[in-house]
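The file my_file13.pdb contains PDB, C-alpha atoms:
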ATOM      1  CA  MET A   1      24.558 -27.517   2.634  1.00  0.00           C
ATOM      2  CA  LYS A   2      23.097 -25.955  -0.491  1.00  0.00           C
ATOM      3  CA  GLN A   3      20.776 -27.994  -2.678  1.00  0.00           C
ATOM      4  CA  THR A   4      18.953 -27.471  -5.945  1.00  0.00           C
ATOM      5  CA  ARG A   5      15.297 -26.802  -5.171  1.00  0.00           C
ATOM      6  CA  LYS A   6      12.368 -24.509  -5.879  1.00  0.00           C
ATOM      7  CA  LEU A   7      12.788 -20.964  -4.574  1.00  0.00           C
ATOM      8  CA  ILE A   8      11.045 -17.626  -5.014  1.00  0.00           C
ATOM      9  CA  ARG A   9      12.904 -15.062  -7.081  1.00  0.00           C
ATOM     10  CA  ILE A  10      11.880 -11.390  -6.889  1.00  0.00           C
ATOM     11  CA  ASP A  11      12.475  -9.042  -9.826  1.00  0.00           C
ATOM     12  CA  GLU A  12      13.293  -5.734  -8.117  1.00  0.00           C
ATOM     13  CA  GLU A  13      12.820  -3.819 -11.366  1.00  0.00           C
ATOM     14  CA  LYS A  14       9.176  -4.907 -11.516  1.00  0.00           C
ATOM     15  CA  CYS A  15       8.493  -4.820  -7.772  1.00  0.00           C
ATOM     16  CA  THR A  16       6.679  -1.664  -6.637  1.00  0.00           C
ATOM     17  CA  GLY A  17       6.758  -2.502  -2.941  1.00  0.00           C
ATOM     18  CA  CYS A  18       2.962  -2.793  -2.704  1.00  0.00           C
ATOM     19  CA  GLY A  19       3.311  -5.547  -0.096  1.00  0.00           C
ATOM     20  CA  LEU A  20       0.477  -7.736  -1.379  1.00  0.00           C
ATOM     21  CA  CYS A  21       2.781 -10.763  -1.494  1.00  0.00           C
ATOM     22  CA  VAL A  22       3.699 -10.510   2.197  1.00  0.00           C
ATOM     23  CA  PRO A  23       0.462 -11.838   3.768  1.00  0.00           C
ATOM     24  CA  SER A  24       0.298 -14.760   1.323  1.00  0.00           C
ATOM     25  CA  CYS A  25       3.568 -16.230   2.594  1.00  0.00           C
ATOM     26  CA  ALA A  26       2.689 -18.364   5.622  1.00  0.00           C
ATOM     27  CA  GLU A  27       6.367 -18.780   6.467  1.00  0.00           C
ATOM     28  CA  GLY A  28       7.029 -15.020   6.624  1.00  0.00           C
ATOM     29  CA  ALA A  29       9.801 -15.407   4.057  1.00  0.00           C
ATOM     30  CA  ILE A  30       8.991 -12.113   2.279  1.00  0.00           C
ATOM     31  CA  ARG A  31       9.244  -8.649   3.787  1.00  0.00           C
ATOM     32  CA  ILE A  32       9.151  -5.124   2.380  1.00  0.00           C
ATOM     33  CA  ILE A  33      12.639  -3.715   2.913  1.00  0.00           C
ATOM     34  CA  ASP A  34      13.691  -0.313   1.548  1.00  0.00           C
ATOM     35  CA  GLY A  35      10.524  -0.171  -0.544  1.00  0.00           C
ATOM     36  CA  LYS A  36      11.006  -3.575  -2.219  1.00  0.00           C
ATOM     37  CA  ALA A  37       9.829  -7.106  -1.527  1.00  0.00           C
ATOM     38  CA  ARG A  38      12.804  -9.188  -0.464  1.00  0.00           C
ATOM     39  CA  LEU A  39      13.420 -12.783   0.591  1.00  0.00           C
ATOM     40  CA  VAL A  40      14.334 -12.705   4.285  1.00  0.00           C
ATOM     41  CA  ALA A  41      16.174 -16.043   4.191  1.00  0.00           C
ATOM     42  CA  GLU A  42      16.279 -18.963   1.762  1.00  0.00           C
ATOM     43  CA  LYS A  43      15.528 -21.452   4.534  1.00  0.00           C
ATOM     44  CA  PHE A  44      12.162 -19.756   5.217  1.00  0.00           C
ATOM     45  CA  CYS A  45      10.897 -20.190   1.626  1.00  0.00           C
ATOM     46  CA  ASP A  46       9.236 -23.527   0.828  1.00  0.00           C
ATOM     47  CA  GLY A  47       9.165 -22.778  -2.911  1.00  0.00           C
ATOM     48  CA  LEU A  48       5.441 -23.541  -3.272  1.00  0.00           C
ATOM     49  CA  GLY A  49       4.723 -20.116  -4.760  1.00  0.00           C
ATOM     50  CA  ALA A  50       1.613 -19.168  -2.775  1.00  0.00           C
ATOM     51  CA  CYS A  51       2.656 -15.550  -3.222  1.00  0.00           C
ATOM     52  CA  LEU A  52       2.741 -15.595  -7.038  1.00  0.00           C
ATOM     53  CA  GLY A  53      -0.905 -14.775  -7.660  1.00  0.00           C
ATOM     54  CA  GLU A  54      -0.831 -11.785  -5.311  1.00  0.00           C
ATOM     55  CA  CYS A  55       1.701  -9.722  -7.276  1.00  0.00           C
ATOM     56  CA  PRO A  56       0.007  -7.303  -9.719  1.00  0.00           C
ATOM     57  CA  GLU A  57       3.340  -6.595 -11.414  1.00  0.00           C
ATOM     58  CA  GLY A  58       4.452 -10.184 -12.101  1.00  0.00           C
ATOM     59  CA  ALA A  59       7.630  -9.594 -10.111  1.00  0.00           C
ATOM     60  CA  LEU A  60       7.622 -13.046  -8.482  1.00  0.00           C
ATOM     61  CA  GLN A  61       8.511 -16.395  -9.992  1.00  0.00           C
ATOM     62  CA  VAL A  62       9.490 -19.843  -8.781  1.00  0.00           C
ATOM     63  CA  VAL A  63      12.886 -20.933 -10.068  1.00  0.00           C
ATOM     64  CA  ASP A  64      15.256 -23.852  -9.597  1.00  0.00           C
ATOM     65  CA  ALA A  65      18.154 -22.505  -7.575  1.00  0.00           C
ATOM     66  CA  GLU A  66      21.057 -23.547  -5.398  1.00  0.00           C
ATOM     67  CA  ALA A  67      19.711 -22.662  -1.971  1.00  0.00           C
ATOM     68  CA  ASP A  68      19.669 -23.572   1.684  1.00  0.00           C
ATOM     69  CA  PRO A  69      17.164 -26.364   2.420  1.00  0.00           C
ATOM     70  CA  PHE A  70      13.718 -25.308   3.566  1.00  0.00           C
ATOM     71  CA  ASP A  71      13.625 -25.424   7.376  1.00  0.00           C
ATOM     72  CA  GLU A  72       9.987 -25.526   8.488  1.00  0.00           C
ATOM     73  CA  ALA A  73      10.799 -25.388  12.191  1.00  0.00           C
ATOM     74  CA  ALA A  74      12.966 -22.315  11.701  1.00  0.00           C
ATOM     75  CA  ALA A  75      10.286 -20.737   9.495  1.00  0.00           C
ATOM     76  CA  MET A  76       7.586 -21.220  12.100  1.00  0.00           C
ATOM     77  CA  ALA A  77       9.852 -19.865  14.835  1.00  0.00           C
ATOM     78  CA  HIS A  78      10.478 -16.862  12.590  1.00  0.00           C
ATOM     79  CA  VAL A  79       6.718 -16.394  12.071  1.00  0.00           C
ATOM     80  CA  ARG A  80       6.026 -16.499  15.810  1.00  0.00           C
ATOM     81  CA  ALA A  81       8.866 -14.087  16.529  1.00  0.00           C
ATOM     82  CA  SER A  82       7.520 -11.734  13.839  1.00  0.00           C
ATOM     83  CA  GLY A  83       4.084 -11.715  15.428  1.00  0.00           C
ATOM     84  CA  HIS A  84       2.271 -13.424  12.576  1.00  0.00           C
ATOM     85  CA  GLY A  85       0.815 -15.983  14.958  1.00  0.00           C
ATOM     86  CA  HIS A  86       1.301 -19.263  13.042  1.00  0.00           C
ATOM     87  CA  ALA A  87       1.963 -22.398  15.040  1.00  0.00           C
ATOM     88  CA  GLY A  88       2.606 -24.520  11.970  1.00  0.00           C
ATOM     89  CA  HIS A  89       2.068 -24.965   8.262  1.00  0.00           C
ATOM     90  CA  ASP A  90       0.661 -28.083   6.660  1.00  0.00           C
ATOM     91  CA  HIS A  91       1.067 -26.895   3.056  1.00  0.00           C
ATOM     92  CA  GLN A  92      -2.706 -26.979   2.594  1.00  0.00           C
ATOM     93  CA  PRO A  93      -4.605 -23.996   1.162  1.00  0.00           C
ATOM     94  CA  LYS A  94      -5.654 -21.555   3.839  1.00  0.00           C
ATOM     95  CA  PRO A  95      -9.299 -20.475   4.104  1.00  0.00           C
ATOM     96  CA  ALA A  96      -9.988 -16.968   2.907  1.00  0.00           C
ATOM     97  CA  ALA A  97     -10.432 -14.328   5.571  1.00  0.00           C
ATOM     98  CA  PRO A  98     -13.829 -12.656   5.895  1.00  0.00           C
ATOM     99  CA  ALA A  99     -14.083  -9.385   3.989  1.00  0.00           C
ATOM    100  CA  GLY A 100     -12.379  -6.560   5.813  1.00  0.00           C
ATOM    101  CA  GLN A 101     -10.607  -8.874   8.283  1.00  0.00           C
ATOM    102  CA  PRO A 102      -6.825  -9.340   8.545  1.00  0.00           C
ATOM    103  CA  LEU A 103      -5.494 -12.199   6.466  1.00  0.00           C
ATOM    104  CA  PRO A 104      -4.713 -15.249   8.677  1.00  0.00           C
ATOM    105  CA  CYS A 105      -1.112 -15.392   7.530  1.00  0.00           C
ATOM    106  CA  GLY A 106       0.045 -11.815   7.445  1.00  0.00           C
ATOM    107  CA  CYS A 107      -0.170  -8.121   7.965  1.00  0.00           C
ATOM    108  CA  PRO A 108      -3.674  -6.582   7.899  1.00  0.00           C
ATOM    109  CA  SER A 109      -2.206  -3.367   6.478  1.00  0.00           C
ATOM    110  CA  THR A 110      -2.277  -4.853   2.986  1.00  0.00           C
ATOM    111  CA  THR A 111      -5.874  -6.084   3.047  1.00  0.00           C
ATOM    112  CA  ILE A 112      -7.709  -4.070   0.394  1.00  0.00           C
ATOM    113  CA  ARG A 113     -11.015  -2.750   1.677  1.00  0.00           C
ATOM    114  CA  THR A 114     -13.688  -0.382   0.425  1.00  0.00           C
ATOM    115  CA  PHE A 115     -15.896   1.240   3.014  1.00  0.00           C
ATOM    116  CA  ALA A 116     -19.494   1.410   1.828  1.00  0.00           C
ATOM    117  CA  PRO A 117     -21.333   4.701   2.343  1.00  0.00           C
ATOM    118  CA  GLN A 118     -24.308   4.804   4.650  1.00  0.00           C
ATOM    119  CA  THR A 119     -27.588   3.534   3.282  1.00  0.00           C
ATOM    120  CA  PRO A 120     -30.597   5.888   3.575  1.00  0.00           C
ATOM    121  CA  CYS A 121     -31.858   3.739   6.441  1.00  0.00           C
ATOM    122  CA  GLU A 122     -28.554   3.963   8.307  1.00  0.00           C
ATOM    123  CA  GLY A 123     -28.454   7.687   7.711  1.00  0.00           C
ATOM    124  CA  ALA A 124     -31.953   8.099   9.100  1.00  0.00           C
ATOM    125  CA  ASN A 125     -30.881   6.337  12.288  1.00  0.00           C
ATOM    126  CA  THR A 126     -27.720   8.398  12.776  1.00  0.00           C
ATOM    127  CA  PRO A 127     -28.012  10.674  15.827  1.00  0.00           C
ATOM    128  CA  VAL A 128     -28.611  14.224  14.637  1.00  0.00           C
ATOM    129  CA  SER A 129     -26.336  15.540  17.377  1.00  0.00           C
ATOM    130  CA  ARG A 130     -23.249  14.118  15.691  1.00  0.00           C
ATOM    131  CA  PRO A 131     -21.279  17.051  14.244  1.00  0.00           C
ATOM    132  CA  ALA A 132     -20.579  16.880  10.517  1.00  0.00           C
ATOM    133  CA  THR A 133     -16.882  17.602  11.090  1.00  0.00           C
ATOM    134  CA  GLY A 134     -16.596  14.481  13.235  1.00  0.00           C
ATOM    135  CA  VAL A 135     -17.407  12.053  10.421  1.00  0.00           C
ATOM    136  CA  SER A 136     -14.554  10.242   8.705  1.00  0.00           C
ATOM    137  CA  ALA A 137     -14.455  10.685   4.931  1.00  0.00           C
ATOM    138  CA  LEU A 138     -12.111   7.712   4.432  1.00  0.00           C
ATOM    139  CA  THR A 139     -13.630   5.252   1.947  1.00  0.00           C
ATOM    140  CA  HIS A 140     -10.951   2.584   1.496  1.00  0.00           C
ATOM    141  CA  TRP A 141      -7.845   0.793   2.769  1.00  0.00           C
ATOM    142  CA  PRO A 142      -4.843   0.729   2.458  1.00  0.00           C
ATOM    143  CA  ILE A 143      -3.829   4.352   1.957  1.00  0.00           C
ATOM    144  CA  GLN A 144       0.008   4.243   2.014  1.00  0.00           C
ATOM    145  CA  ILE A 145       1.328   4.708  -1.533  1.00  0.00           C
ATOM    146  CA  HIS A 146       3.662   1.704  -1.327  1.00  0.00           C
ATOM    147  CA  LEU A 147       0.823  -0.602  -0.254  1.00  0.00           C
ATOM    148  CA  VAL A 148      -1.798   0.341  -2.853  1.00  0.00           C
ATOM    149  CA  PRO A 149      -1.637  -1.702  -6.080  1.00  0.00           C
ATOM    150  CA  PRO A 150      -2.484   0.138  -9.319  1.00  0.00           C
ATOM    151  CA  SER A 151      -5.290  -2.369  -9.841  1.00  0.00           C
ATOM    152  CA  ALA A 152      -7.095  -1.477  -6.581  1.00  0.00           C
ATOM    153  CA  PRO A 153     -10.801  -1.073  -7.397  1.00  0.00           C
ATOM    154  CA  PHE A 154     -11.167   2.142  -5.398  1.00  0.00           C
ATOM    155  CA  LEU A 155      -8.744   3.887  -7.794  1.00  0.00           C
ATOM    156  CA  ARG A 156     -10.977   3.445 -10.848  1.00  0.00           C
ATOM    157  CA  GLY A 157     -12.145   6.844 -12.066  1.00  0.00           C
ATOM    158  CA  ALA A 158     -11.148   8.423  -8.756  1.00  0.00           C
ATOM    159  CA  ASP A 159     -10.572  12.023  -7.810  1.00  0.00           C
ATOM    160  CA  LEU A 160      -7.205  11.350  -6.196  1.00  0.00           C
ATOM    161  CA  LEU A 161      -5.824  13.120  -3.119  1.00  0.00           C
ATOM    162  CA  VAL A 162      -2.082  12.586  -2.689  1.00  0.00           C
ATOM    163  CA  ALA A 163      -1.294  13.874   0.800  1.00  0.00           C
ATOM    164  CA  SER A 164       1.963  14.184   2.666  1.00  0.00           C
ATOM    165  CA  ASP A 165       1.938  12.354   6.000  1.00  0.00           C
ATOM    166  CA  CYS A 166       1.949  15.483   8.187  1.00  0.00           C
ATOM    167  CA  VAL A 167      -1.052  17.157   6.560  1.00  0.00           C
ATOM    168  CA  PRO A 168      -3.851  15.351   8.467  1.00  0.00           C
ATOM    169  CA  ALA A 169      -2.097  16.043  11.773  1.00  0.00           C
ATOM    170  CA  ALA A 170      -1.731  19.761  11.028  1.00  0.00           C
ATOM    171  CA  TYR A 171      -5.034  20.515   9.290  1.00  0.00           C
ATOM    172  CA  GLN A 172      -8.032  20.033  11.558  1.00  0.00           C
ATOM    173  CA  ARG A 173     -10.581  19.974   8.723  1.00  0.00           C
ATOM    174  CA  PHE A 174      -8.667  17.491   6.588  1.00  0.00           C
ATOM    175  CA  HIS A 175     -11.595  15.085   6.178  1.00  0.00           C
ATOM    176  CA  ASP A 176     -14.228  17.702   5.415  1.00  0.00           C
ATOM    177  CA  ASP A 177     -12.248  20.145   3.273  1.00  0.00           C
ATOM    178  CA  LEU A 178      -9.775  17.887   1.462  1.00  0.00           C
ATOM    179  CA  LEU A 179     -10.672  14.197   1.682  1.00  0.00           C
ATOM    180  CA  ARG A 180     -14.445  14.084   1.284  1.00  0.00           C
ATOM    181  CA  GLY A 181     -15.325  12.677  -2.149  1.00  0.00           C
ATOM    182  CA  LYS A 182     -11.729  11.740  -2.909  1.00  0.00           C
ATOM    183  CA  THR A 183      -9.520   8.662  -2.802  1.00  0.00           C
ATOM    184  CA  VAL A 184      -6.467   9.317  -0.641  1.00  0.00           C
ATOM    185  CA  LEU A 185      -2.889   8.092  -0.956  1.00  0.00           C
ATOM    186  CA  MET A 186      -0.367   9.031   1.749  1.00  0.00           C
ATOM    187  CA  GLY A 187       3.415   9.242   1.838  1.00  0.00           C
ATOM    188  CA  CYS A 188       6.432  11.247   2.937  1.00  0.00           C
ATOM    189  CA  PRO A 189       8.493  12.821   0.130  1.00  0.00           C
ATOM    190  CA  LYS A 190      11.513  13.288   2.416  1.00  0.00           C
ATOM    191  CA  PHE A 191      11.948   9.888   4.046  1.00  0.00           C
ATOM    192  CA  ASP A 192      10.314   7.528   1.530  1.00  0.00           C
ATOM    193  CA  ASP A 193      11.638   6.252  -1.809  1.00  0.00           C
ATOM    194  CA  ALA A 194      10.695   9.060  -4.205  1.00  0.00           C
ATOM    195  CA  GLU A 195      11.494   7.134  -7.382  1.00  0.00           C
ATOM    196  CA  ALA A 196       9.395   4.192  -6.213  1.00  0.00           C
ATOM    197  CA  TYR A 197       6.532   6.636  -5.643  1.00  0.00           C
ATOM    198  CA  VAL A 198       6.982   8.028  -9.156  1.00  0.00           C
ATOM    199  CA  ARG A 199       6.733   4.548 -10.671  1.00  0.00           C
ATOM    200  CA  LYS A 200       3.751   3.560  -8.524  1.00  0.00           C
ATOM    201  CA  LEU A 201       1.791   6.747  -9.240  1.00  0.00           C
ATOM    202  CA  ALA A 202       2.605   6.550 -12.958  1.00  0.00           C
ATOM    203  CA  ALA A 203       1.204   3.009 -13.007  1.00  0.00           C
ATOM    204  CA  ILE A 204      -1.915   4.210 -11.190  1.00  0.00           C
ATOM    205  CA  PHE A 205      -2.416   7.073 -13.651  1.00  0.00           C
ATOM    206  CA  THR A 206      -1.925   4.665 -16.556  1.00  0.00           C
ATOM    207  CA  GLU A 207      -4.217   1.884 -15.366  1.00  0.00           C
ATOM    208  CA  SER A 208      -6.955   3.492 -13.304  1.00  0.00           C
ATOM    209  CA  GLU A 209      -8.355   6.383 -15.395  1.00  0.00           C
ATOM    210  CA  VAL A 210      -7.921   8.835 -12.525  1.00  0.00           C
ATOM    211  CA  LYS A 211     -10.110  11.920 -13.114  1.00  0.00           C
ATOM    212  CA  SER A 212      -8.181  14.511 -11.107  1.00  0.00           C
ATOM    213  CA  VAL A 213      -5.240  14.837  -8.730  1.00  0.00           C
ATOM    214  CA  THR A 214      -5.014  17.097  -5.679  1.00  0.00           C
ATOM    215  CA  VAL A 215      -1.679  17.182  -3.870  1.00  0.00           C
ATOM    216  CA  ALA A 216      -1.821  18.301  -0.225  1.00  0.00           C
ATOM    217  CA  VAL A 217       1.499  19.324   1.327  1.00  0.00           C
ATOM    218  CA  MET A 218       2.916  21.268   4.240  1.00  0.00           C
ATOM    219  CA  GLU A 219       4.557  24.641   3.674  1.00  0.00           C
ATOM    220  CA  VAL A 220       7.966  23.354   4.821  1.00  0.00           C
ATOM    221  CA  PRO A 221      10.631  22.909   2.100  1.00  0.00           C
ATOM    222  CA  CYS A 222      11.069  19.145   2.567  1.00  0.00           C
ATOM    223  CA  CYS A 223       7.407  18.622   1.674  1.00  0.00           C
ATOM    224  CA  GLN A 224       7.710  20.233  -1.739  1.00  0.00           C
ATOM    225  CA  GLY A 225       9.057  17.007  -3.165  1.00  0.00           C
ATOM    226  CA  MET A 226       5.539  15.552  -3.326  1.00  0.00           C
ATOM    227  CA  PRO A 227       4.274  17.864  -6.110  1.00  0.00           C
ATOM    228  CA  ALA A 228       7.467  17.090  -8.025  1.00  0.00           C
ATOM    229  CA  ILE A 229       6.873  13.354  -7.588  1.00  0.00           C
ATOM    230  CA  VAL A 230       3.308  13.639  -8.881  1.00  0.00           C
ATOM    231  CA  LYS A 231       4.311  15.823 -11.831  1.00  0.00           C
ATOM    232  CA  LYS A 232       7.038  13.374 -12.802  1.00  0.00           C
ATOM    233  CA  ALA A 233       4.589  10.473 -12.529  1.00  0.00           C
ATOM    234  CA  LEU A 234       2.066  12.295 -14.723  1.00  0.00           C
ATOM    235  CA  ALA A 235       4.758  12.913 -17.338  1.00  0.00           C
ATOM    236  CA  LEU A 236       5.861   9.275 -17.197  1.00  0.00           C
ATOM    237  CA  SER A 237       2.292   8.054 -17.638  1.00  0.00           C
ATOM    238  CA  GLY A 238       1.635  10.347 -20.593  1.00  0.00           C
ATOM    239  CA  LYS A 239      -1.781  11.191 -19.115  1.00  0.00           C
ATOM    240  CA  GLU A 240      -3.246  14.688 -19.041  1.00  0.00           C
ATOM    241  CA  ILE A 241      -5.065  14.792 -15.703  1.00  0.00           C
ATOM    242  CA  PRO A 242      -6.301  17.980 -13.977  1.00  0.00           C
ATOM    243  CA  TYR A 243      -3.871  18.748 -11.161  1.00  0.00           C
ATOM    244  CA  GLN A 244      -3.706  21.175  -8.239  1.00  0.00           C
ATOM    245  CA  VAL A 245      -1.636  21.702  -5.092  1.00  0.00           C
ATOM    246  CA  VAL A 246      -3.028  22.615  -1.672  1.00  0.00           C
ATOM    247  CA  THR A 247      -0.620  23.900   0.976  1.00  0.00           C
ATOM    248  CA  ILE A 248      -1.091  23.772   4.753  1.00  0.00           C
ATOM    249  CA  SER A 249       0.887  25.944   7.161  1.00  0.00           C
ATOM    250  CA  THR A 250       2.647  24.529  10.212  1.00  0.00           C
ATOM    251  CA  GLN A 251      -0.036  26.307  12.246  1.00  0.00           C
ATOM    252  CA  GLY A 252      -2.763  24.336  10.479  1.00  0.00           C
ATOM    253  CA  GLU A 253      -3.972  27.058   8.132  1.00  0.00           C
ATOM    254  CA  LEU A 254      -5.069  26.453   4.536  1.00  0.00           C
ATOM    255  CA  LEU A 255      -2.723  28.638   2.478  1.00  0.00           C
ATOM    256  CA  GLY A 256      -4.025  27.838  -0.994  1.00  0.00           C
TER     257      GLY A 256
END
structure tokens encoding of this file:
Amino acid sequence: MKQTRKLIRIDEEKCTGCGLCVPSCAEGAIRIIDGKARLVAEKFCDGLGACLGECPEGALQVVDAEADPFDEAAAMAHVRASGHGHAGHDHQPKPAAPAGQPLPCGCPSTTIRTFAPQTPCEGANTPVSRPATGVSALTHWPIQIHLVPPSAPFLRGADLLVASDCVPAAYQRFHDDLLRGKTVLMGCPKFDDAEAYVRKLAAIFTESEVKSVTVAVMEVPCCQGMPAIVKKALALSGKEIPYQVVTISTQGELLG
């Protein structure tokens, strides 16, 4: 039977699908579906609002609504079935996870991390036999466009590389020739939500003072949507940012 109680409401117009709210919900009541945060079931939401402070867009709010009663047993069964690993929830604040570790109540894919460069001492102790082309140039996490909030610290003043998903698999020297010294965002212009990408990138260009944008795509026609997405986002942001496109052949050659 429905009852009037506290419940999370998600404003889909504001939601960018970044996913930062997902790990904060110990009951697993929120999931990213079709590029938007959505309430899986009313009975999984306890209405406490632990997710509110995680949303950079202000898309979440607690409202009084006619809803199914909160069912803690069903919520915990849902969490276990989803692989989140909770045996229960006592409504007490959860301890923060150590830096760089998965959050205790959710998906580690949304944990923002910056990878520090080697110190001179570490560099001096690196085996000289290690080939330069074998060193990862990745400096941060996450990298999927939907998961990166515009406020992520690694975006500030960045030289941005927006790469289609297939590029790293096709281009052997991706890290050395394209990624090194840049902040990467990844996505698929064919299968992902293009308009959501436009809004997310426009917000990044507006908020993060990006210095330059390089778009890396495959030569295939379906990949040409990514430059269009970035151009539209630049126009929406009103920012004039240096921009170039790099194209990779299906044989892994740098075409220009």
ask   = Expanded to explicit residues, what is the PyMOL selection byres ((chain A and resi 37) around 12) for this file, as a VMD selection string?
value = chain A and resid 8 to 23 25 28 to 36 38 to 40 51 55 57 59 to 60 146 to 147
request  = Please identify all polymer residues within 10 Å of A:Val220, counting only C-alpha atoms, omitting same-chain residues fewer than 5 positions from it, and present them as a list in words.
outcome  = Thr247, Ile248, Ser249 and Thr250 of chain A
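Going from atom CA of A:Ser212 over to atom CA of A:Met226, you cover 15.8 Å.
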query = On this structure, which residues satisfy the PyMOL selection byres ((chain A and resi 45) around 8), written as a PyMOL selection string?
reply = chain A and resi 7-8+27+29+39+41-44+46-47+70+75
key: Between atom CA of A:Pro149 and atom CA of A:Asp177 - distance in Å to one decimal   = 26.0 Å
